[in-house]
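For reference, the structure is listed below as structure tokens.
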Amino acid sequence: MHQQKRQPELVEGNLPVFVFPTELLFYADDQSTHNQVLTLYNPYEFALKFKVLCTTPNKYVVVDAAGAVKPQCCMDIVIHHRDVRSCHYGVIDKFRRQVSEQSQRKASGRKEVVATLLLSAKEQQKEEEEKRIKEHLTESLFFEQSFQPENRTVSSGPSLLTVFLAVVCITALMLPTLGDVESLVPLYLHLSVNQKLVAAYILGLITMAIFRT
């Protein structure tokens with residue numbers, strides 16, 4: 001006997017909502033970041049209605065703040081930051097995606113996405129790199145102290161090769177990053193983020209070697 005396929009019963013707030021990304025970063029010095037895209041995925045076999053709400057709607061323009069997503073499809077929502085001022089730097093705003101089945105009025109699921117306006121992407125990247133270097137040095141110190149041999153030979157100090165490698169790594173970290181158009185340094189001396197991470201890693205190892213001497 002053929003049975004009609006039933007739609008799942010949705011309890012308010014219990015339907016998982018799939019949104020990417022979960023954090024929006026706007027940079028005051030980069031106009032290309034003033035427009036961000038939120039993607040809503042609908043993996044279900046029924047259409048979803050959605051609505052986008054914001055804690056500070058006067059700061060943003062949301063294109064298509066309400067609509068519907070077909071089954072097993074996705075939809076992009078453009079969010080434009082229209083109030084880029086220094087008084088908003090570091091302030092965390094929230095966007096809420098509410099979804100429901102088309103036949104329902106109450107929201108069956110919701111997901112919050114945080115949005116932050118920062119001064120500069122370069123400053124943010126610099127802070128993250130410094131944080132990673134500090135974390136790496138801390139981990140290296142802990143590792144070295146945990147596995148030090150009992151008998152150690154007395155060293156006269158770091159070798160010239162060690163000092164040279166340290167200077168090279170420090171110089172690499174001071175060079176501009178790829179994409180830095182305002183730098184006066186020739187383009188062939190601009191390093192990628194991965195290259196700088198490698199230099200930071202090697203510098204951490206050299207630092208530990210110097211500490212051990």
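Ordering of the structure tokens sets the chain letters (A, B, ...), residue numbers begin anew at 1 in every chain, and ligands are numbered from 1 in the order given.
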Next on the checklist: Please identify the helix (DSSP H, G or I) residues within segment 158-208 of chain A (assignment by DSSP from backbone atoms) and present them as a PyMOL selection string.
Outcome noted: chain A and resi 160-174+187-189+193-208
Writing out the chosen residues with N, CA, C and O atoms as a short mmCIF file (atom, residue, chain, number, x, y, z; two decimals), in the first residue's frame:
data_model
loop_
_atom_site.label_atom_id
_atom_site.label_comp_id
_atom_site.auth_asym_id
_atom_site.auth_seq_id
_atom_site.Cartn_x
_atom_site.Cartn_y
_atom_site.Cartn_z
N LEU A 160 77.85 31.48 14.58
CA LEU A 160 77.61 32.55 13.61
C LEU A 160 76.49 32.18 12.65
O LEU A 160 75.72 33.05 12.21
N LEU A 161 76.38 30.88 12.31
CA LEU A 161 75.31 30.44 11.41
C LEU A 161 73.94 30.66 12.06
O LEU A 161 73.00 31.10 11.39
N THR A 162 73.85 30.38 13.36
CA THR A 162 72.58 30.59 14.08
C THR A 162 72.19 32.06 14.08
O THR A 162 71.04 32.41 13.83
N VAL A 163 73.17 32.91 14.36
CA VAL A 163 72.89 34.35 14.37
C VAL A 163 72.50 34.84 12.98
O VAL A 163 71.57 35.64 12.82
N PHE A 164 73.17 34.33 11.95
CA PHE A 164 72.86 34.74 10.57
C PHE A 164 71.44 34.34 10.20
O PHE A 164 70.68 35.13 9.62
N LEU A 165 71.06 33.10 10.54
CA LEU A 165 69.71 32.64 10.22
C LEU A 165 68.66 33.47 10.97
O LEU A 165 67.59 33.77 10.42
N ALA A 166 68.97 33.84 12.21
CA ALA A 166 68.03 34.66 12.98
C ALA A 166 67.84 36.02 12.32
O ALA A 166 66.71 36.53 12.22
N VAL A 167 68.94 36.62 11.85
CA VAL A 167 68.85 37.93 11.18
C VAL A 167 68.04 37.81 9.90
O VAL A 167 67.22 38.68 9.57
N VAL A 168 68.24 36.74 9.14
CA VAL A 168 67.49 36.53 7.89
C VAL A 168 66.01 36.40 8.18
O VAL A 168 65.17 37.00 7.49
N CYS A 169 65.65 35.64 9.22
CA CYS A 169 64.24 35.45 9.56
C CYS A 169 63.59 36.76 10.01
O CYS A 169 62.45 37.08 9.64
N ILE A 170 64.32 37.51 10.83
CA ILE A 170 63.79 38.81 11.30
C ILE A 170 63.59 39.75 10.11
O ILE A 170 62.58 40.46 10.02
N THR A 171 64.56 39.76 9.19
CA THR A 171 64.43 40.61 8.00
C THR A 171 63.22 40.20 7.17
O THR A 171 62.47 41.04 6.67
N ALA A 172 63.00 38.88 7.03
CA ALA A 172 61.86 38.39 6.26
C ALA A 172 60.55 38.82 6.88
O ALA A 172 59.60 39.19 6.18
N LEU A 173 60.47 38.81 8.20
CA LEU A 173 59.24 39.21 8.88
C LEU A 173 58.98 40.71 8.74
O LEU A 173 57.84 41.16 8.82
N MET A 174 60.05 41.48 8.54
CA MET A 174 59.90 42.94 8.42
C MET A 174 59.57 43.37 6.99
O MET A 174 59.12 44.49 6.78
N LEU A 187 58.73 44.88 -5.57
CA LEU A 187 57.72 43.83 -5.50
C LEU A 187 58.32 42.45 -5.27
O LEU A 187 57.73 41.61 -4.60
N TYR A 188 59.55 42.20 -5.84
CA TYR A 188 60.13 40.87 -5.70
C TYR A 188 60.57 40.57 -4.25
O TYR A 188 60.88 39.43 -3.92
N LEU A 189 60.60 41.61 -3.42
CA LEU A 189 60.93 41.39 -2.01
C LEU A 189 59.68 41.26 -1.14
O LEU A 189 59.79 41.09 0.06
N VAL A 193 52.15 35.31 3.05
CA VAL A 193 51.89 35.02 4.46
C VAL A 193 52.51 33.69 4.86
O VAL A 193 53.10 33.56 5.95
N ASN A 194 52.44 32.69 3.98
CA ASN A 194 53.03 31.38 4.29
C ASN A 194 54.53 31.47 4.46
O ASN A 194 55.11 30.82 5.35
N GLN A 195 55.18 32.27 3.60
CA GLN A 195 56.63 32.43 3.74
C GLN A 195 56.99 33.09 5.06
O GLN A 195 57.97 32.71 5.71
N LYS A 196 56.19 34.06 5.48
CA LYS A 196 56.46 34.71 6.76
C LYS A 196 56.21 33.76 7.93
O LYS A 196 56.89 33.83 8.97
N LEU A 197 55.21 32.90 7.79
CA LEU A 197 54.96 31.92 8.85
C LEU A 197 56.13 30.96 8.99
O LEU A 197 56.50 30.57 10.10
N VAL A 198 56.70 30.55 7.84
CA VAL A 198 57.88 29.66 7.88
C VAL A 198 59.04 30.38 8.56
O VAL A 198 59.76 29.80 9.40
N ALA A 199 59.23 31.65 8.23
CA ALA A 199 60.32 32.42 8.85
C ALA A 199 60.09 32.54 10.36
O ALA A 199 61.03 32.43 11.15
N ALA A 200 58.83 32.76 10.76
CA ALA A 200 58.53 32.86 12.18
C ALA A 200 58.78 31.54 12.89
O ALA A 200 59.28 31.51 14.03
N TYR A 201 58.44 30.44 12.22
CA TYR A 201 58.67 29.12 12.81
C TYR A 201 60.16 28.86 13.01
O TYR A 201 60.60 28.42 14.07
N ILE A 202 60.95 29.15 11.97
CA ILE A 202 62.41 28.94 12.07
C ILE A 202 63.00 29.85 13.14
O ILE A 202 63.87 29.43 13.92
N LEU A 203 62.52 31.09 13.20
CA LEU A 203 63.02 32.02 14.22
C LEU A 203 62.71 31.51 15.62
O LEU A 203 63.53 31.65 16.54
N GLY A 204 61.55 30.89 15.78
CA GLY A 204 61.21 30.31 17.08
C GLY A 204 62.17 29.20 17.47
O GLY A 204 62.61 29.11 18.63
N LEU A 205 62.51 28.33 16.50
CA LEU A 205 63.47 27.26 16.78
C LEU A 205 64.84 27.82 17.12
O LEU A 205 65.53 27.33 18.03
N ILE A 206 65.26 28.85 16.37
CA ILE A 206 66.56 29.46 16.64
C ILE A 206 66.57 30.11 18.02
O ILE A 206 67.55 30.01 18.77
N THR A 207 65.47 30.77 18.36
CA THR A 207 65.38 31.40 19.68
C THR A 207 65.54 30.36 20.80
O THR A 207 66.25 30.59 21.79
N MET A 208 64.90 29.21 20.62
CA MET A 208 65.03 28.16 21.62
C MET A 208 66.46 27.64 21.69
O MET A 208 66.98 27.36 22.77
#
Item to check | Contacts of Met75 of chain A within 12 Å, only C-alpha atoms, excl. fewer than 6 positions in-chain, as a ChimeraX atom specification | outcome: /A:18-20,37-43,47-50,63-69
Item to check | Nearest candidate to Asp30 of chain A (options A:Leu178, A:Ile210, A:Leu191, A:Leu118; using only C-alpha atoms) | outcome: A:Leu118
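Atom pair atom CA of Pro176 of chain A / atom CA of Ser120 of chain A: separated by 15.2 Å.
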Item to check | Residue nearest Thr22 of chain A among A:Thr177, A:Ser192, A:Ser159, A:Gln36 (counting only C-alpha atoms) | outcome: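 Distance minimum relative to Thr22 of chain A lands on A:Gln36.
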Next on the checklist: If DSSP is run on the backbone, what residues of segment 26-59 of chain A are strand (DSSP E)? A reply as a PyMOL selection string would be ideal.
Outcome noted: chain A and resi 26-27+35-42+48-54
Those residues with all heavy atoms, as a compact mmCIF listing (two decimals), in the first residue's frame please?
# COMPACT_ATOMS: atom_id res chain seq x y z
N PHE A 26 34.38 43.62 8.52
CA PHE A 26 34.44 44.78 7.64
C PHE A 26 35.68 45.60 8.03
O PHE A 26 35.95 45.79 9.21
CB PHE A 26 33.19 45.65 7.78
CG PHE A 26 31.91 44.94 7.47
CD1 PHE A 26 31.23 44.24 8.45
CD2 PHE A 26 31.38 44.97 6.19
CE1 PHE A 26 30.04 43.58 8.18
CE2 PHE A 26 30.18 44.34 5.90
CZ PHE A 26 29.51 43.63 6.89
N TYR A 27 36.44 46.06 7.02
CA TYR A 27 37.64 46.85 7.28
C TYR A 27 37.45 48.25 6.72
O TYR A 27 37.12 48.42 5.53
CB TYR A 27 38.87 46.19 6.65
CG TYR A 27 39.18 44.83 7.24
CD1 TYR A 27 38.84 43.67 6.57
CD2 TYR A 27 39.80 44.72 8.49
CE1 TYR A 27 39.10 42.42 7.12
CE2 TYR A 27 40.07 43.49 9.05
CZ TYR A 27 39.72 42.33 8.36
OH TYR A 27 39.98 41.11 8.90
N ASN A 35 31.05 45.25 1.46
CA ASN A 35 29.97 44.37 1.03
C ASN A 35 30.34 42.94 1.36
O ASN A 35 31.37 42.44 0.89
CB ASN A 35 29.70 44.49 -0.48
CG ASN A 35 29.06 45.81 -0.84
OD1 ASN A 35 28.27 46.36 -0.07
ND2 ASN A 35 29.39 46.34 -2.00
N GLN A 36 29.56 42.29 2.17
CA GLN A 36 29.80 40.91 2.56
C GLN A 36 28.61 40.05 2.13
O GLN A 36 27.49 40.54 2.00
CB GLN A 36 30.01 40.78 4.07
CG GLN A 36 31.20 41.55 4.61
CD GLN A 36 32.51 40.84 4.33
OE1 GLN A 36 32.54 39.67 3.97
NE2 GLN A 36 33.62 41.57 4.49
N VAL A 37 28.87 38.75 1.93
CA VAL A 37 27.84 37.84 1.46
C VAL A 37 27.59 36.75 2.50
O VAL A 37 28.54 36.10 2.96
CB VAL A 37 28.23 37.18 0.12
CG1 VAL A 37 27.17 36.17 -0.32
CG2 VAL A 37 28.39 38.24 -0.96
N LEU A 38 26.33 36.59 2.87
CA LEU A 38 25.91 35.48 3.73
C LEU A 38 25.18 34.48 2.85
O LEU A 38 24.28 34.84 2.09
CB LEU A 38 24.97 35.98 4.84
CG LEU A 38 25.59 36.51 6.12
CD1 LEU A 38 24.49 36.94 7.08
CD2 LEU A 38 26.46 35.45 6.79
N THR A 39 25.57 33.22 2.95
CA THR A 39 24.93 32.17 2.16
C THR A 39 24.09 31.28 3.05
O THR A 39 24.59 30.74 4.05
CB THR A 39 25.98 31.32 1.43
OG1 THR A 39 26.78 32.17 0.60
CG2 THR A 39 25.31 30.27 0.55
N LEU A 40 22.82 31.14 2.70
CA LEU A 40 21.89 30.28 3.43
C LEU A 40 21.67 29.01 2.62
O LEU A 40 21.27 29.06 1.46
CB LEU A 40 20.56 30.99 3.67
CG LEU A 40 19.44 30.15 4.29
CD1 LEU A 40 19.83 29.68 5.68
CD2 LEU A 40 18.14 30.95 4.34
N TYR A 41 21.96 27.86 3.24
CA TYR A 41 21.79 26.57 2.58
C TYR A 41 20.49 25.92 3.05
O TYR A 41 20.16 25.95 4.24
CB TYR A 41 22.98 25.64 2.90
CG TYR A 41 24.30 26.15 2.38
CD1 TYR A 41 25.10 26.98 3.17
CD2 TYR A 41 24.75 25.82 1.11
CE1 TYR A 41 26.31 27.46 2.70
CE2 TYR A 41 25.97 26.30 0.64
CZ TYR A 41 26.73 27.11 1.44
OH TYR A 41 27.94 27.59 0.98
N ASN A 42 19.81 25.29 2.12
CA ASN A 42 18.59 24.54 2.45
C ASN A 42 18.78 23.09 2.02
O ASN A 42 18.52 22.72 0.86
CB ASN A 42 17.37 25.14 1.74
CG ASN A 42 16.10 24.36 2.05
OD1 ASN A 42 16.08 23.50 2.93
ND2 ASN A 42 15.04 24.64 1.32
N LEU A 48 12.13 26.74 2.27
CA LEU A 48 12.25 27.48 3.52
C LEU A 48 12.00 28.97 3.27
O LEU A 48 12.52 29.54 2.31
CB LEU A 48 13.66 27.32 4.13
CG LEU A 48 14.03 25.98 4.73
CD1 LEU A 48 15.48 26.02 5.21
CD2 LEU A 48 13.11 25.61 5.89
N LYS A 49 11.20 29.56 4.15
CA LYS A 49 11.12 31.02 4.18
C LYS A 49 12.21 31.52 5.13
O LYS A 49 12.54 30.85 6.10
CB LYS A 49 9.75 31.46 4.70
CG LYS A 49 8.58 31.15 3.79
CD LYS A 49 7.31 31.80 4.31
CE LYS A 49 6.97 31.36 5.73
NZ LYS A 49 5.70 31.94 6.22
N PHE A 50 12.75 32.68 4.85
CA PHE A 50 13.77 33.22 5.74
C PHE A 50 13.57 34.72 5.91
O PHE A 50 12.95 35.39 5.09
CB PHE A 50 15.18 32.93 5.21
CG PHE A 50 15.55 33.74 4.00
CD1 PHE A 50 16.11 35.00 4.11
CD2 PHE A 50 15.34 33.23 2.73
CE1 PHE A 50 16.46 35.74 3.00
CE2 PHE A 50 15.68 33.97 1.60
CZ PHE A 50 16.24 35.23 1.73
N LYS A 51 14.14 35.22 6.99
CA LYS A 51 14.15 36.64 7.28
C LYS A 51 15.45 36.96 8.00
O LYS A 51 15.91 36.20 8.86
CB LYS A 51 12.96 37.02 8.16
CG LYS A 51 12.88 38.52 8.48
CD LYS A 51 11.71 38.82 9.41
CE LYS A 51 10.39 38.55 8.74
NZ LYS A 51 9.25 38.96 9.60
N VAL A 52 16.06 38.09 7.63
CA VAL A 52 17.32 38.52 8.25
C VAL A 52 17.04 39.73 9.14
O VAL A 52 16.52 40.75 8.67
CB VAL A 52 18.38 38.88 7.19
CG1 VAL A 52 19.68 39.31 7.87
CG2 VAL A 52 18.63 37.71 6.25
N LEU A 53 17.37 39.60 10.42
CA LEU A 53 17.20 40.68 11.39
C LEU A 53 18.58 41.14 11.86
O LEU A 53 19.55 40.38 11.83
CB LEU A 53 16.36 40.21 12.58
CG LEU A 53 15.00 39.60 12.24
CD1 LEU A 53 14.33 39.07 13.50
CD2 LEU A 53 14.10 40.62 11.56
N CYS A 54 18.66 42.38 12.33
CA CYS A 54 19.95 42.93 12.78
C CYS A 54 19.75 43.75 14.05
O CYS A 54 18.72 44.41 14.22
CB CYS A 54 20.56 43.80 11.68
SG CYS A 54 22.18 44.48 12.11
